[in-house]
Amino acid sequence: MRRRTKLSHLPLNALRAFEATARHLSFTRAGLELRVTQAAVSQHVKGLEDRLGVQLFRRLPRGVALTDEGQSLLPSIVEAFGRLTETLNRFEDGRYQDVISVGVVGTFASGWLLPRLDSFRKAYPRIDLRLFTNNNRIDIAGEGLDFAIRFGDGLWHGTEATHLMGAPFTPFCAPLLARRLSRPADLKREVLLRSYRQDEWPRWFTAAGLQSPVLKGMVFDSSITIASAAARGFGVALLPAALFLDEVRQRRLVRPFKIEVALGDYWITSLHSRRPSPAMLSFKNWLLETIAAKNSSPGKQAEA
């Protein structure tokens, strides 16, 4: 109870004086930043020390040095002021700006999400969406994310996963290389670009009714870099067709064969322990509705 009484009476000016002095290790420079006198800063810090019952600084002939107690207090004060500043910055024109942090596997971000983000921005101008791309290896809690959009089977410990879309894989290559390919077996003579998921090409060859060749050569950590290597003629890539339509339209990549294999789906995931905010629900619903509208559009069959 005594601790609560102390905390409830800590003045904001004293905490700000402590934080500024800790950064500058000088009452004088802290006073210049806060636009008060050196004596006023020293008085605020002394009052804070008296309230806490500890010494936060050692007074030196020139400047000050943090005590062990001051070192322990500083990170919490810096974090608190940082969060307060971030929250206050969300207010604009008298309204609160929500923030959502989303980790997105890079292929989905570039191939599907980015072309549609303007639609989300116009529909929800008060939501500040922050995107962090990854190669499907992500820690929602550790990275402080609201959502993670992932590729796989939907089974990630401690998370709720909602299905977004399927994305069958099929071979892609540069137009010049495609001229050498007349049947699936011809791929055994080519460089097959690989990801860190080692079973992708063997599963495609099984779908094609063939035995997989021994795989060797370059390995990449994302479909984006594999696609870029394929477009440069380095070999044949196995990619989710629905997310590389622009490369096909621009003739950077071509599909030599129509055989596809399902290696996983895209999911939006969040922690079971996290109660979704209104802004989170808005983003998730927009995502699901946009995908549903795309799947039911007349142009879907033409793009497949």
# chains A, B, ... in the order shown; residues from 1 in each chain; ligands from 1
>>> select_by_dssp(residues="range 114-173 of chain A", states="strand (DSSP E)", output="list of chain:residue names")
A:Ile127, A:Asp128, A:Leu129, A:Arg130, A:Leu131, A:Phe132, A:Thr133, A:Asn134, A:Phe147, A:Ala148, A:Ile149, A:Arg150, A:Phe151, A:Gly152, A:Thr159, A:Glu160, A:Ala161, A:Thr162, A:His163, A:Leu164, A:Met165, A:Gly166, A:Phe169, A:Thr170, A:Pro171, A:Phe172
>>> residues_around(residues="Tyr124 in chain A", least_positions_apart="6", cutoff="10 Å", atoms="only C-alpha atoms", output="list of chain:residue names")
A:Asp98, A:Asp118, A:Ala279, A:Ser282, A:Phe283, A:Trp286
>>> select_by_dssp(residues="range 4-118 of chain A", states="helix (DSSP H, G or I)", output="PyMOL selection string")
chain A and resi 4-8+12-24+27-34+38-52+68-89+106-118
>>> write_last_selection(atoms="C-alpha atoms", output="PDB file, in the first residue's frame")
ATOM      1  CA  ARG A   4       1.111   2.672  -4.330  1.00  0.00           C
ATOM      2  CA  THR A   5       0.965   5.896  -2.294  1.00  0.00           C
ATOM      3  CA  LYS A   6       4.471   6.823  -3.417  1.00  0.00           C
ATOM      4  CA  LEU A   7       3.748   6.107  -7.066  1.00  0.00           C
ATOM      5  CA  SER A   8       0.469   7.995  -7.056  1.00  0.00           C
ATOM      6  CA  LEU A  12       5.654  14.212 -13.863  1.00  0.00           C
ATOM      7  CA  ASN A  13       8.107  17.138 -13.869  1.00  0.00           C
ATOM      8  CA  ALA A  14      10.397  15.301 -11.466  1.00  0.00           C
ATOM      9  CA  LEU A  15      10.400  12.184 -13.648  1.00  0.00           C
ATOM     10  CA  ARG A  16      11.138  14.268 -16.733  1.00  0.00           C
ATOM     11  CA  ALA A  17      13.965  16.043 -14.921  1.00  0.00           C
ATOM     12  CA  PHE A  18      15.431  12.705 -13.880  1.00  0.00           C
ATOM     13  CA  GLU A  19      15.220  11.304 -17.435  1.00  0.00           C
ATOM     14  CA  ALA A  20      16.814  14.376 -19.034  1.00  0.00           C
ATOM     15  CA  THR A  21      19.579  14.533 -16.419  1.00  0.00           C
ATOM     16  CA  ALA A  22      20.311  10.820 -16.902  1.00  0.00           C
ATOM     17  CA  ARG A  23      20.737  11.333 -20.649  1.00  0.00           C
ATOM     18  CA  HIS A  24      22.971  14.401 -20.339  1.00  0.00           C
ATOM     19  CA  PHE A  27      21.739  19.345 -14.463  1.00  0.00           C
ATOM     20  CA  THR A  28      22.757  22.331 -16.588  1.00  0.00           C
ATOM     21  CA  ARG A  29      22.253  20.648 -19.971  1.00  0.00           C
ATOM     22  CA  ALA A  30      19.033  19.039 -18.749  1.00  0.00           C
ATOM     23  CA  GLY A  31      17.793  22.494 -17.750  1.00  0.00           C
ATOM     24  CA  LEU A  32      18.604  23.891 -21.197  1.00  0.00           C
ATOM     25  CA  GLU A  33      16.592  21.087 -22.825  1.00  0.00           C
ATOM     26  CA  LEU A  34      13.626  21.514 -20.484  1.00  0.00           C
ATOM     27  CA  GLN A  38      19.794  24.240 -13.410  1.00  0.00           C
ATOM     28  CA  ALA A  39      18.596  24.822  -9.885  1.00  0.00           C
ATOM     29  CA  ALA A  40      15.021  23.848 -10.821  1.00  0.00           C
ATOM     30  CA  VAL A  41      16.186  20.545 -12.357  1.00  0.00           C
ATOM     31  CA  SER A  42      18.326  19.790  -9.302  1.00  0.00           C
ATOM     32  CA  GLN A  43      15.379  20.558  -7.031  1.00  0.00           C
ATOM     33  CA  HIS A  44      13.052  18.248  -8.999  1.00  0.00           C
ATOM     34  CA  VAL A  45      15.566  15.401  -8.843  1.00  0.00           C
ATOM     35  CA  LYS A  46      16.176  15.946  -5.128  1.00  0.00           C
ATOM     36  CA  GLY A  47      12.422  15.840  -4.508  1.00  0.00           C
ATOM     37  CA  LEU A  48      12.176  12.563  -6.466  1.00  0.00           C
ATOM     38  CA  GLU A  49      15.016  11.068  -4.445  1.00  0.00           C
ATOM     39  CA  ASP A  50      13.331  12.100  -1.211  1.00  0.00           C
ATOM     40  CA  ARG A  51      10.026  10.509  -2.270  1.00  0.00           C
ATOM     41  CA  LEU A  52      11.695   7.238  -3.304  1.00  0.00           C
ATOM     42  CA  ASP A  68      22.867   1.684  -9.176  1.00  0.00           C
ATOM     43  CA  GLU A  69      19.347   2.720  -8.151  1.00  0.00           C
ATOM     44  CA  GLY A  70      19.277   5.351 -10.882  1.00  0.00           C
ATOM     45  CA  GLN A  71      20.467   2.813 -13.457  1.00  0.00           C
ATOM     46  CA  SER A  72      17.654   0.464 -12.408  1.00  0.00           C
ATOM     47  CA  LEU A  73      14.983   3.163 -12.656  1.00  0.00           C
ATOM     48  CA  LEU A  74      16.057   4.706 -15.968  1.00  0.00           C
ATOM     49  CA  PRO A  75      14.878   2.002 -18.463  1.00  0.00           C
ATOM     50  CA  SER A  76      11.354   2.016 -17.032  1.00  0.00           C
ATOM     51  CA  ILE A  77      11.135   5.806 -17.165  1.00  0.00           C
ATOM     52  CA  VAL A  78      12.441   5.931 -20.758  1.00  0.00           C
ATOM     53  CA  GLU A  79       9.972   3.240 -21.836  1.00  0.00           C
ATOM     54  CA  ALA A  80       7.069   4.966 -20.083  1.00  0.00           C
ATOM     55  CA  PHE A  81       7.787   8.347 -21.674  1.00  0.00           C
ATOM     56  CA  GLY A  82       8.263   6.655 -25.039  1.00  0.00           C
ATOM     57  CA  ARG A  83       4.890   4.949 -24.829  1.00  0.00           C
ATOM     58  CA  LEU A  84       3.223   8.161 -23.651  1.00  0.00           C
ATOM     59  CA  THR A  85       4.738  10.118 -26.544  1.00  0.00           C
ATOM     60  CA  GLU A  86       3.722   7.453 -29.060  1.00  0.00           C
ATOM     61  CA  THR A  87       0.160   7.406 -27.723  1.00  0.00           C
ATOM     62  CA  LEU A  88      -0.180  11.201 -27.747  1.00  0.00           C
ATOM     63  CA  ASN A  89       1.158  11.306 -31.300  1.00  0.00           C
ATOM     64  CA  GLY A 106       7.245 -11.494 -47.948  1.00  0.00           C
ATOM     65  CA  THR A 107       5.631 -13.348 -50.852  1.00  0.00           C
ATOM     66  CA  PHE A 108       2.114 -12.584 -49.654  1.00  0.00           C
ATOM     67  CA  ALA A 109       3.059  -8.977 -48.886  1.00  0.00           C
ATOM     68  CA  SER A 110       4.393  -8.209 -52.370  1.00  0.00           C
ATOM     69  CA  GLY A 111       2.149 -10.508 -54.398  1.00  0.00           C
ATOM     70  CA  TRP A 112      -1.226  -9.828 -52.766  1.00  0.00           C
ATOM     71  CA  LEU A 113      -1.290  -7.309 -49.913  1.00  0.00           C
ATOM     72  CA  LEU A 114       0.663  -4.332 -51.235  1.00  0.00           C
ATOM     73  CA  PRO A 115      -1.414  -3.899 -54.419  1.00  0.00           C
ATOM     74  CA  ARG A 116      -4.550  -3.641 -52.227  1.00  0.00           C
ATOM     75  CA  LEU A 117      -3.319  -1.539 -49.323  1.00  0.00           C
ATOM     76  CA  ASP A 118      -4.646   1.679 -50.812  1.00  0.00           C
TER      77      ASP A 118
END
>>> residues_around(residues="Lys216 in chain A", least_positions_apart="5", cutoff="12 Å", atoms="only C-alpha atoms", output="PyMOL selection string")
chain A and resi 188+190-195+198+201+235
